[in-house]
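Participant: Supplied structure: query-v2.cif, mmCIF, C-alpha atoms and all ligand atoms.
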```cif
data_work
#
loop_
_atom_site.label_atom_id
_atom_site.label_comp_id
_atom_site.auth_asym_id
_atom_site.auth_seq_id
_atom_site.Cartn_x
_atom_site.Cartn_y
_atom_site.Cartn_z
CA MET A 1 100.25 89.33 64.55
CA ARG A 2 100.43 92.83 65.86
CA VAL A 3 99.30 93.06 69.50
CA SER A 4 98.99 96.30 71.46
CA PHE A 5 98.65 96.49 75.22
CA ARG A 6 100.03 98.31 78.21
CA ILE A 7 102.93 96.95 80.13
CA ASN A 8 103.62 98.44 83.55
CA GLY A 9 101.76 101.56 82.53
CA ASP A 10 103.44 102.09 79.17
CA PRO A 11 101.88 101.30 75.79
CA VAL A 12 103.62 98.65 73.77
CA ALA A 13 103.04 96.97 70.40
CA VAL A 14 104.65 93.66 69.52
CA ASP A 15 104.64 91.45 66.45
CA VAL A 16 104.26 87.87 67.61
CA GLU A 17 103.18 84.49 66.39
CA PRO A 18 99.64 83.67 67.50
CA ARG A 19 100.92 80.70 69.51
CA LEU A 20 103.38 82.70 71.62
CA HIS A 21 102.26 82.73 75.23
CA LEU A 22 102.44 85.90 77.25
CA ALA A 23 105.28 84.77 79.51
CA ASP A 24 107.56 84.15 76.52
CA CYS A 25 106.55 87.48 75.06
CA LEU A 26 107.38 89.27 78.30
CA ARG A 27 110.71 87.54 78.69
CA ASP A 28 111.95 87.12 75.14
CA VAL A 29 110.33 89.99 73.26
CA LEU A 30 110.10 92.65 75.96
CA SER A 31 113.12 91.52 78.04
CA LEU A 32 111.05 91.57 81.24
CA THR A 33 112.73 88.54 82.73
CA GLY A 34 111.29 89.10 86.20
CA THR A 35 108.42 86.87 85.11
CA HIS A 36 109.72 83.36 85.67
CA LEU A 37 108.80 80.14 83.96
CA GLY A 38 108.72 76.92 85.93
CA CYS A 39 106.25 74.31 84.82
CA GLU A 40 104.77 76.07 81.78
CA HIS A 41 101.46 74.37 82.30
CA GLY A 42 99.77 76.38 85.02
CA ALA A 43 100.86 74.43 88.08
CA CYS A 44 103.60 76.44 89.79
CA GLY A 45 102.51 80.09 89.62
CA ALA A 46 106.03 81.39 88.93
CA CYS A 47 104.81 83.16 85.81
CA THR A 48 101.98 85.04 87.50
CA VAL A 49 101.37 88.57 86.22
CA ILE A 50 98.48 90.95 86.70
CA VAL A 51 96.17 91.46 83.74
CA ASP A 52 93.47 94.09 84.14
CA GLY A 53 93.77 93.76 87.90
CA ALA A 54 93.61 89.96 88.09
CA ALA A 55 96.50 87.61 88.81
CA ILE A 56 96.85 85.22 85.89
CA ARG A 57 99.30 82.58 84.69
CA ALA A 58 101.24 84.13 81.83
CA CYS A 59 102.16 80.64 80.58
CA LEU A 60 98.49 79.89 80.01
CA MET A 61 97.61 83.11 78.23
CA LEU A 62 98.43 83.82 74.63
CA THR A 63 99.97 87.15 73.89
CA VAL A 64 97.19 87.92 71.43
CA GLN A 65 94.72 87.64 74.30
CA ALA A 66 96.40 90.64 75.91
CA GLU A 67 95.24 92.96 73.13
CA GLY A 68 94.07 96.19 74.78
CA ALA A 69 94.80 94.91 78.29
CA SER A 70 96.86 96.40 81.08
CA VAL A 71 99.61 94.01 82.15
CA VAL A 72 101.69 94.48 85.29
CA THR A 73 104.77 92.39 85.95
CA VAL A 74 106.99 92.30 89.00
CA GLU A 75 109.08 95.03 87.39
CA GLY A 76 106.05 97.29 87.56
CA LEU A 77 105.50 96.92 91.28
CA SER A 78 108.32 99.19 92.36
CA SER A 79 109.99 102.32 91.14
CA ASP A 80 113.69 103.06 90.86
CA GLU A 81 113.46 104.94 94.13
CA ALA A 82 111.57 102.56 96.36
CA LEU A 83 110.55 98.95 96.78
CA ASN A 84 106.92 98.01 96.85
CA PRO A 85 105.73 97.44 100.47
CA LEU A 86 105.41 93.74 99.71
CA GLN A 87 109.02 93.57 98.59
CA THR A 88 110.11 95.41 101.71
CA ALA A 89 108.16 92.97 103.87
CA PHE A 90 109.52 89.96 101.99
CA ARG A 91 113.03 91.17 102.64
CA LYS A 92 112.30 91.82 106.30
CA HIS A 93 110.70 88.41 106.88
CA HIS A 94 113.23 86.46 104.84
CA ALA A 95 110.39 85.34 102.62
CA LEU A 96 112.65 84.21 99.81
CA GLN A 97 115.73 82.12 99.37
CA CYS A 98 116.46 81.29 95.74
CA GLY A 99 113.82 83.82 94.67
CA PHE A 100 112.50 81.79 91.79
CA CYS A 101 108.92 81.80 93.02
CA THR A 102 109.12 85.35 94.37
CA PRO A 103 107.89 87.37 91.37
CA GLY A 104 104.79 85.21 91.16
CA MET A 105 104.26 85.44 94.91
CA LEU A 106 104.57 89.23 94.77
CA THR A 107 102.23 89.74 91.83
CA THR A 108 99.65 87.36 93.31
CA ALA A 109 99.84 89.09 96.68
CA HIS A 110 99.71 92.52 95.08
CA ALA A 111 96.54 91.66 93.19
CA LEU A 112 95.03 90.25 96.37
CA LEU A 113 95.86 93.19 98.64
CA THR A 114 94.82 95.73 96.03
CA ASP A 115 91.32 94.26 96.17
CA GLU A 116 91.35 92.95 99.74
CA PRO A 117 93.73 94.93 101.93
CA ASP A 118 92.22 93.32 105.02
CA ALA A 119 92.76 89.73 103.84
CA ASP A 120 93.51 87.49 106.82
CA ALA A 121 96.08 84.72 106.96
CA ASP A 122 93.63 82.10 105.70
CA ARG A 123 92.66 84.22 102.75
CA ILE A 124 96.28 84.94 101.95
CA ARG A 125 97.14 81.23 102.10
CA SER A 126 94.21 80.50 99.83
CA ALA A 127 95.23 83.19 97.32
CA LEU A 128 98.83 81.96 97.30
CA SER A 129 97.90 78.29 97.18
CA GLY A 130 98.59 78.21 93.46
CA ASN A 131 102.13 79.52 93.92
CA LEU A 132 104.66 76.86 94.77
CA CYS A 133 107.83 77.58 96.71
CA ARG A 134 110.37 74.82 96.89
CA CYS A 135 112.86 76.25 99.36
CA THR A 136 111.62 79.01 101.66
CA GLY A 137 108.46 77.59 103.16
CA TYR A 138 105.25 79.49 103.31
CA ILE A 139 105.14 80.85 106.86
CA PRO A 140 107.49 83.82 106.26
CA ILE A 141 105.76 84.53 102.95
CA VAL A 142 102.36 84.74 104.62
CA ASP A 143 103.84 86.82 107.45
CA ALA A 144 105.27 89.24 104.91
CA VAL A 145 101.97 89.63 103.10
CA LEU A 146 100.18 90.15 106.40
CA GLU A 147 102.59 92.94 107.28
CA ALA A 148 102.29 94.61 103.87
CA ARG A 149 98.52 94.94 104.23
CA ALA A 150 98.81 98.25 106.06
CA ALA A 151 100.34 99.89 103.02
CA TYR A 152 97.41 98.80 100.88
CA ARG A 153 94.82 100.24 103.22
CA LYS A 154 94.48 103.58 101.55
CA ALA A 155 92.93 105.22 104.59
CA ASP A 156 96.05 104.39 106.57
CA LYS A 157 98.36 106.09 104.14
CA PRO A 158 99.55 109.60 104.82
CA LEU A 159 97.18 112.00 103.21
CA PRO A 160 98.28 112.23 99.60
CA GLY A 161 98.75 115.85 98.78
CA THR A 162 99.96 116.72 102.26
CA GLU A 163 103.39 115.17 101.99
CA ARG A 164 104.02 115.71 98.31
CA PHE A 165 102.86 118.02 95.62
CA LEU A 166 102.21 116.28 92.37
CA GLN A 167 101.31 119.15 90.15
CA PRO A 168 104.17 120.07 87.90
CA VAL A 169 104.03 123.64 86.74
CA ILE A 170 104.64 122.48 83.17
CA ALA A 171 104.28 118.98 81.78
CA ALA A 172 107.65 117.31 81.51
CA ASP A 173 108.10 114.05 79.56
CA ARG A 174 104.49 113.14 80.03
CA VAL A 175 101.28 115.09 79.45
CA ARG A 176 98.71 113.88 81.93
CA TYR A 177 95.51 115.58 80.97
CA VAL A 178 94.01 117.54 78.13
CA GLY A 179 94.81 121.18 78.75
CA GLU A 180 97.94 120.67 80.83
CA PRO A 181 100.40 123.54 80.22
CA LEU A 182 103.28 122.45 78.02
CA ALA A 183 105.41 125.52 77.66
CA VAL A 184 105.81 129.13 78.69
CA VAL A 185 106.43 131.61 75.92
CA LEU A 186 107.76 135.08 76.61
CA GLY A 187 107.82 137.82 73.98
CA ASP A 188 108.32 141.54 73.79
CA SER A 189 104.86 141.83 72.29
CA PRO A 190 101.77 139.60 72.08
CA ALA A 191 102.48 139.13 68.38
CA LEU A 192 106.02 137.91 69.01
CA ALA A 193 104.75 135.63 71.75
CA GLU A 194 102.21 134.18 69.34
CA ASP A 195 105.00 133.60 66.83
CA GLY A 196 106.86 131.77 69.59
CA VAL A 197 103.85 129.57 70.27
CA GLY A 198 103.66 128.73 66.60
CA ALA A 199 107.30 127.67 66.60
CA ILE A 200 106.73 124.98 69.18
CA ALA A 201 106.70 121.50 67.65
CA LEU A 202 105.15 118.71 69.66
CA ASP A 203 105.85 115.04 69.22
CA ILE A 204 103.18 113.37 71.30
CA ALA A 205 102.12 109.75 71.38
CA GLU A 206 98.49 109.60 72.34
CA LEU A 207 97.79 107.30 75.28
CA PRO A 208 94.57 105.42 75.88
CA PRO A 209 92.33 107.46 78.17
CA VAL A 210 91.44 106.44 81.69
CA PRO A 211 87.74 107.07 81.29
CA ASP A 212 86.27 106.81 84.76
CA ARG A 213 87.11 106.74 88.41
CA HIS A 214 86.76 102.96 88.63
CA ALA A 215 89.46 102.46 86.03
CA SER A 216 91.52 105.18 87.66
CA GLY A 217 91.05 103.72 91.13
CA ARG A 218 92.49 100.38 90.14
CA GLY A 219 95.79 102.18 89.79
CA GLU A 220 96.98 100.18 86.80
CA ILE A 221 97.82 103.36 84.98
CA LEU A 222 99.32 105.82 87.40
CA LEU A 223 99.43 109.53 86.75
CA PHE A 224 102.54 109.69 88.89
CA GLU A 225 104.42 106.43 89.21
CA GLY A 226 106.05 107.43 92.47
CA ALA A 227 102.71 108.04 94.17
CA GLY A 228 101.56 104.44 93.92
CA THR A 229 97.94 105.61 93.72
CA ASN A 230 95.74 107.90 91.69
CA ALA A 231 93.93 109.15 94.78
CA ALA A 232 94.68 112.84 95.12
CA MET A 233 93.68 112.84 98.75
CA VAL A 234 92.27 110.40 101.27
CA PHE A 235 90.65 112.30 104.06
CA THR A 236 89.07 110.88 107.18
CA GLY A 237 87.01 113.35 109.17
CA GLY A 238 85.58 113.10 112.64
CA LYS A 239 84.43 115.26 115.48
CA GLY A 240 83.38 114.35 118.99
CA ASP A 241 82.65 110.79 120.05
CA ALA A 242 81.25 109.41 116.82
CA ASP A 243 81.16 105.83 118.12
CA ALA A 244 79.02 106.85 121.09
CA ALA A 245 76.76 108.91 118.88
CA PHE A 246 76.09 105.94 116.61
CA ARG A 247 75.74 103.59 119.56
CA ASP A 248 73.14 105.79 121.23
CA ALA A 249 71.26 106.75 118.11
CA ASP A 250 67.66 105.58 117.73
CA TYR A 251 68.23 104.91 114.08
CA VAL A 252 71.44 104.31 112.16
CA ARG A 253 71.68 104.07 108.42
CA SER A 254 74.86 103.08 106.64
CA ASP A 255 75.39 104.01 103.04
CA ARG A 256 78.04 104.94 100.59
CA PHE A 257 77.96 108.33 98.94
CA ALA A 258 79.85 109.28 95.84
CA VAL A 259 79.86 112.66 94.19
CA GLN A 260 81.20 113.72 90.87
CA ARG A 261 84.50 115.46 90.53
CA TYR A 262 84.10 119.15 91.14
CA THR A 263 86.18 122.13 91.89
CA ALA A 264 85.25 125.46 93.32
CA LEU A 265 85.53 128.32 90.87
CA PRO A 266 85.40 131.93 91.91
CA MET A 267 82.78 134.04 90.16
CA GLU A 268 85.06 137.01 90.05
CA PRO A 269 88.19 137.04 87.92
CA ARG A 270 91.39 136.61 89.85
CA GLY A 271 94.93 137.40 89.06
CA VAL A 272 98.18 136.71 90.77
CA LEU A 273 101.49 138.46 90.52
CA ALA A 274 104.77 136.84 91.40
CA GLU A 275 108.09 138.55 91.76
CA TRP A 276 111.29 136.56 91.92
CA ASP A 277 114.19 138.13 93.80
CA ALA A 278 117.17 136.33 92.31
CA ALA A 279 119.63 138.05 94.58
CA ARG A 280 117.94 136.76 97.71
CA GLY A 281 116.52 133.57 96.21
CA ARG A 282 113.11 134.68 97.35
CA MET A 283 109.74 134.94 95.71
CA THR A 284 106.89 137.28 96.60
CA VAL A 285 103.41 136.40 95.44
CA LEU A 286 100.62 138.98 95.49
CA GLY A 287 97.10 137.69 95.21
CA ALA A 288 93.82 137.04 96.98
CA ALA A 289 93.57 133.89 99.05
CA LYS A 290 91.67 132.55 102.03
CA VAL A 291 94.45 130.15 102.91
CA PRO A 292 97.67 132.10 102.35
CA PHE A 293 99.93 129.87 104.43
CA PHE A 294 98.68 126.69 102.82
CA ASN A 295 99.21 128.27 99.41
CA ARG A 296 102.65 129.47 100.42
CA ASP A 297 103.70 126.01 101.54
CA THR A 298 102.21 124.41 98.43
CA LEU A 299 103.93 126.79 96.04
CA ALA A 300 107.19 126.47 97.90
CA ALA A 301 107.03 122.68 97.64
CA MET A 302 106.16 122.79 93.95
CA LEU A 303 109.01 125.17 93.20
CA GLY A 304 111.55 123.51 95.44
CA LEU A 305 111.82 126.49 97.78
CA SER A 306 111.65 126.53 101.53
CA PRO A 307 108.47 128.23 102.79
CA GLY A 308 110.62 130.94 104.35
CA ASP A 309 111.81 131.96 100.89
CA HIS A 310 108.32 132.56 99.72
CA ARG A 311 106.16 135.48 100.80
CA ARG A 312 102.53 135.83 100.14
S1 LIG A 401 105.22 78.56 84.60
FE1 LIG A 401 103.18 79.20 84.54
S2 LIG A 401 102.25 78.20 86.18
FE2 LIG A 401 104.25 77.40 86.16
S1 LIG A 402 112.26 81.11 97.28
FE1 LIG A 402 113.03 79.42 96.13
S2 LIG A 402 111.26 78.59 95.26
FE2 LIG A 402 110.51 80.07 96.60
#
```
How does this structure look as structure tokens?

Facilitator:
Amino acid sequence: MRVSFRINGDPVAVDVEPRLHLADCLRDVLSLTGTHLGCEHGACGACTVIVDGAAIRACLMLTVQAEGASVVTVEGLSSDEALNPLQTAFRKHHALQCGFCTPGMLTTAHALLTDEPDADADRIRSALSGNLCRCTGYIPIVDAVLEARAAYRKADKPLPGTERFLQPVIAADRVRYVGEPLAVVLGDSPALAEDGVGAIALDIAELPPVPDRHASGRGEILLFEGAGTNAAMVFTGGKGDADAAFRDADYVRSDRFAVQRYTALPMEPRGVLAEWDAARGRMTVLGAAKVPFFNRDTLAAMLGLSPGDHRR
């Protein structure tokens, strides 16, 4: 049977027998051998992967049941550049010896902390109670998960957008949204430029959409793998002694407010002119802005320049 799903963010289609369980598919068909097989009947947890956000036993799930799902294996927890915070903590706390149980421990803990970044030691023990370790012992494993919690508390992360700039000027390898610029065409005349546009051939595989912020917030499909989150910015504001103000208030109401995505658009047309000085490796940008230094630093980061090479 043909089964299509996402594996670590990428779409995949496999032809499998209906009886093939997901762990065998991952290991033998997709060569993702990080998912281990111990008991093959749901007792040891070594085969745990994350399916649509939930930790499940891949030995108890048929591949055909993954149709349309998002599956994350231990290979999907880290990038080539960096370990996942759980992996870093496991290494620090010596939370593995032979490592056989480790992928299942990591995926189970990742699913837990994604939903419950404040899980205490009891909750962590409970969540990991279905994962057996035969050589390390559980104390360092629980200690490692406790330490990794901070990285899962989104509010504690550095403000995304302040330390990195994730807006490529032109889509490279991956188009992330409808309307993203794909190419720049230069021509001696508008007609020649239009001819150039017509000469561009695109070979694009359409990806399933991420339709709402809830799906996006789960982070199973990341716009930028290296970011580890789809949150563009987490911002915590405060002024004065907020605790005292709430404490002394006659009436306090707690609520959660959510607003739709929006962006400010100027009513007047705006243009911007950039001039690149190749001899000095310096760019001058002429345009209207209320935050010129922020814009300068942003553009410099996006273009790989130092802010001093960029005038606005
Ligand atoms: S191999 Fe799946 S639970 Fe043991
Ligand atoms: S580290 Fe060996 S089974 Fe857990």

Participant: Which one of A:Glu75, A:Tyr138, A:Ser254, A:Arg247 sits closest to Ser31 of chain A if you count all atoms listed in the file?

Facilitator: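 Closest candidate: A:Glu75.
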
Participant: Could you tell me how far atom CA of Ala13 of chain A sits from atom CA of Val29 of chain A, in Å to one decimal place?

Facilitator: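 About the pair atom CA of Val29 of chain A and atom CA of Ala13 of chain A: they are 10.5 Å apart.
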
Participant: Using all atoms listed in the file, which of A:Val197, A:Val71, A:Ala82, A:Ala242 sits nearest Arg6 of chain A?

Facilitator: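 Using all atoms listed in the file, Arg6 of chain A sits closest to A:Val71.
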
Participant: Taking only C-alpha atoms and all ligand atoms into account, list the residues no farther than 12 Å from ligand LIG 401 (chain A), as a PyMOL selection string.

Facilitator: chain A and resi 21-24+35-49+55-62+100-101+103-105+108+129-133

Participant: Enumerate as a PyMOL selection string the residues within 8 Å of ligand LIG 402 (chain A), counting all atoms listed in the file.

Facilitator: chain A and resi 95-102+132-137

Participant: My list of candidates is A:Gln65, A:Ser306, A:Gln87, A:Thr107. Which is closest to Arg282 of chain A when distances are computed with only C-alpha atoms?

Facilitator: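 Answer, going by the shortest atom-to-atom distance: A:Ser306.
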
Participant: Smallest atom-to-atom distance to Thr284 of chain A: which of A:Val272, A:Gly187, A:Gly226, A:Tyr177, using only C-alpha atoms?

Facilitator: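 Ranking A:Val272, A:Gly187, A:Gly226, A:Tyr177 by distance to Thr284 of chain A, first place goes to A:Val272.
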
Participant: Restricting the calculation to only C-alpha atoms, which member of A:Asp188, A:Ala193, A:Asp118, A:Ile204 is positioned closest to Ala171 of chain A?

Facilitator: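 Answer, going by the shortest atom-to-atom distance: A:Ile204.
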
Participant: So which residues touch Ile139 of chain A within 12 Å, counting all atoms listed in the file, skipping near sequence neighbours fewer than 3 positions away, as a PDB file with C-alpha atoms, in the frame of the given file?

Facilitator:
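Saved file around.pdb follows:
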```pdb
ATOM      1  CA  PHE A  90     109.520  89.960 101.990  1.00  0.00           C
ATOM      2  CA  HIS A  93     110.700  88.410 106.880  1.00  0.00           C
ATOM      3  CA  HIS A  94     113.230  86.460 104.840  1.00  0.00           C
ATOM      4  CA  ALA A  95     110.390  85.340 102.620  1.00  0.00           C
ATOM      5  CA  LEU A  96     112.650  84.210  99.810  1.00  0.00           C
ATOM      6  CA  ALA A 121      96.080  84.720 106.960  1.00  0.00           C
ATOM      7  CA  ASP A 122      93.630  82.100 105.700  1.00  0.00           C
ATOM      8  CA  ILE A 124      96.280  84.940 101.950  1.00  0.00           C
ATOM      9  CA  ARG A 125      97.140  81.230 102.100  1.00  0.00           C
ATOM     10  CA  LEU A 128      98.830  81.960  97.300  1.00  0.00           C
ATOM     11  CA  CYS A 133     107.830  77.580  96.710  1.00  0.00           C
ATOM     12  CA  CYS A 135     112.860  76.250  99.360  1.00  0.00           C
ATOM     13  CA  THR A 136     111.620  79.010 101.660  1.00  0.00           C
ATOM     14  CA  VAL A 142     102.360  84.740 104.620  1.00  0.00           C
ATOM     15  CA  ASP A 143     103.840  86.820 107.450  1.00  0.00           C
ATOM     16  CA  ALA A 144     105.270  89.240 104.910  1.00  0.00           C
ATOM     17  CA  VAL A 145     101.970  89.630 103.100  1.00  0.00           C
ATOM     18  CA  LEU A 146     100.180  90.150 106.400  1.00  0.00           C
TER      19      LEU A 146
END
```

Participant: Determine, counting only C-alpha atoms, which protein, DNA and RNA residues have an atom within 10 Å of an atom of Ala111 of chain A; residues of the same chain fewer than 5 positions away are not included. Present the result as a list in words.

Facilitator: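 Contacts, with the query itself left out: Val49, Ile50, Val51, Asp52, Gly53, Ala54, Ala55, Ile56, Val72, Leu106, Glu116, Pro117 and Ala127 of chain A.
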
Participant: Have a look at atom CA of Arg27 of chain A and atom CA of Asn8 of chain A and let me know their distance in Å, one decimal.

Facilitator: 13.9 Å

Participant: Using atom CA of Leu77 of chain A and atom CA of Leu112 of chain A as the two end points, give the distance in Å to one decimal.

Facilitator: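 It comes out at 13.4 Å.
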
Participant: Go ahead and find all residues with at least one atom no further than 12 Å from (104.6, 100.9, 80.1) in the file's coordinates, using all atoms listed in the file; report them as a list in words.

Facilitator: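 Every polymer residue passing the test: Ser4, Phe5, Arg6, Ile7, Asn8, Gly9, Asp10, Pro11, Val12, Ala13, Leu30, Leu32, Ala69, Ser70, Val71, Val72, Thr73, Glu75, Gly76, Leu77, Leu207, Pro208, Glu220, Ile221, Leu222 and Glu225 of chain A.
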
Participant: How would segment 29-46 of chain A look with N, CA and C atoms restored, written as a PDB file, in the coordinates of the input?

Facilitator:
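For reference, rebuild.pdb as written:
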```pdb
ATOM      1  N   VAL A  29     110.569  88.866  74.170  1.00  0.00           N
ATOM      2  CA  VAL A  29     110.330  89.990  73.260  1.00  0.00           C
ATOM      3  C   VAL A  29     110.532  91.310  73.993  1.00  0.00           C
ATOM      4  N   LEU A  30     110.031  91.385  75.225  1.00  0.00           N
ATOM      5  CA  LEU A  30     110.100  92.650  75.960  1.00  0.00           C
ATOM      6  C   LEU A  30     111.224  92.690  76.996  1.00  0.00           C
ATOM      7  N   SER A  31     111.974  91.592  77.117  1.00  0.00           N
ATOM      8  CA  SER A  31     113.120  91.520  78.040  1.00  0.00           C
ATOM      9  C   SER A  31     112.724  91.774  79.500  1.00  0.00           C
ATOM     10  N   LEU A  32     111.498  91.446  79.840  1.00  0.00           N
ATOM     11  CA  LEU A  32     111.050  91.570  81.240  1.00  0.00           C
ATOM     12  C   LEU A  32     111.196  90.192  81.878  1.00  0.00           C
ATOM     13  N   THR A  33     112.429  89.890  82.270  1.00  0.00           N
ATOM     14  CA  THR A  33     112.730  88.540  82.730  1.00  0.00           C
ATOM     15  C   THR A  33     112.377  88.321  84.200  1.00  0.00           C
ATOM     16  N   GLY A  34     111.759  89.309  84.832  1.00  0.00           N
ATOM     17  CA  GLY A  34     111.290  89.100  86.200  1.00  0.00           C
ATOM     18  C   GLY A  34     110.176  88.072  86.256  1.00  0.00           C
ATOM     19  N   THR A  35     109.450  87.910  85.178  1.00  0.00           N
ATOM     20  CA  THR A  35     108.420  86.870  85.110  1.00  0.00           C
ATOM     21  C   THR A  35     109.117  85.542  84.842  1.00  0.00           C
ATOM     22  N   HIS A  36     109.001  84.625  85.790  1.00  0.00           N
ATOM     23  CA  HIS A  36     109.720  83.360  85.670  1.00  0.00           C
ATOM     24  C   HIS A  36     108.849  82.264  85.078  1.00  0.00           C
ATOM     25  N   LEU A  37     109.504  81.304  84.524  1.00  0.00           N
ATOM     26  CA  LEU A  37     108.800  80.140  83.960  1.00  0.00           C
ATOM     27  C   LEU A  37     109.285  78.888  84.662  1.00  0.00           C
ATOM     28  N   GLY A  38     108.364  78.170  85.285  1.00  0.00           N
ATOM     29  CA  GLY A  38     108.720  76.920  85.930  1.00  0.00           C
ATOM     30  C   GLY A  38     108.146  75.758  85.168  1.00  0.00           C
ATOM     31  N   CYS A  39     106.870  75.511  85.390  1.00  0.00           N
ATOM     32  CA  CYS A  39     106.250  74.310  84.820  1.00  0.00           C
ATOM     33  C   CYS A  39     105.740  74.510  83.392  1.00  0.00           C
ATOM     34  N   GLU A  40     105.372  75.737  83.084  1.00  0.00           N
ATOM     35  CA  GLU A  40     104.770  76.070  81.780  1.00  0.00           C
ATOM     36  C   GLU A  40     103.468  75.337  81.503  1.00  0.00           C
ATOM     37  N   HIS A  41     102.809  74.874  82.537  1.00  0.00           N
ATOM     38  CA  HIS A  41     101.460  74.370  82.300  1.00  0.00           C
ATOM     39  C   HIS A  41     100.512  74.726  83.449  1.00  0.00           C
ATOM     40  N   GLY A  42     100.763  75.853  84.082  1.00  0.00           N
ATOM     41  CA  GLY A  42      99.770  76.380  85.020  1.00  0.00           C
ATOM     42  C   GLY A  42      99.810  75.823  86.417  1.00  0.00           C
ATOM     43  N   ALA A  43     100.864  75.079  86.768  1.00  0.00           N
ATOM     44  CA  ALA A  43     100.860  74.430  88.080  1.00  0.00           C
ATOM     45  C   ALA A  43     101.646  75.182  89.146  1.00  0.00           C
ATOM     46  N   CYS A  44     102.691  75.928  88.770  1.00  0.00           N
ATOM     47  CA  CYS A  44     103.600  76.440  89.790  1.00  0.00           C
ATOM     48  C   CYS A  44     103.370  77.906  90.171  1.00  0.00           C
ATOM     49  N   GLY A  45     102.799  78.688  89.309  1.00  0.00           N
ATOM     50  CA  GLY A  45     102.510  80.090  89.620  1.00  0.00           C
ATOM     51  C   GLY A  45     103.690  81.026  89.446  1.00  0.00           C
ATOM     52  N   ALA A  46     104.859  80.517  89.048  1.00  0.00           N
ATOM     53  CA  ALA A  46     106.030  81.390  88.930  1.00  0.00           C
ATOM     54  C   ALA A  46     105.843  82.484  87.889  1.00  0.00           C
TER      55      ALA A  46
END
```
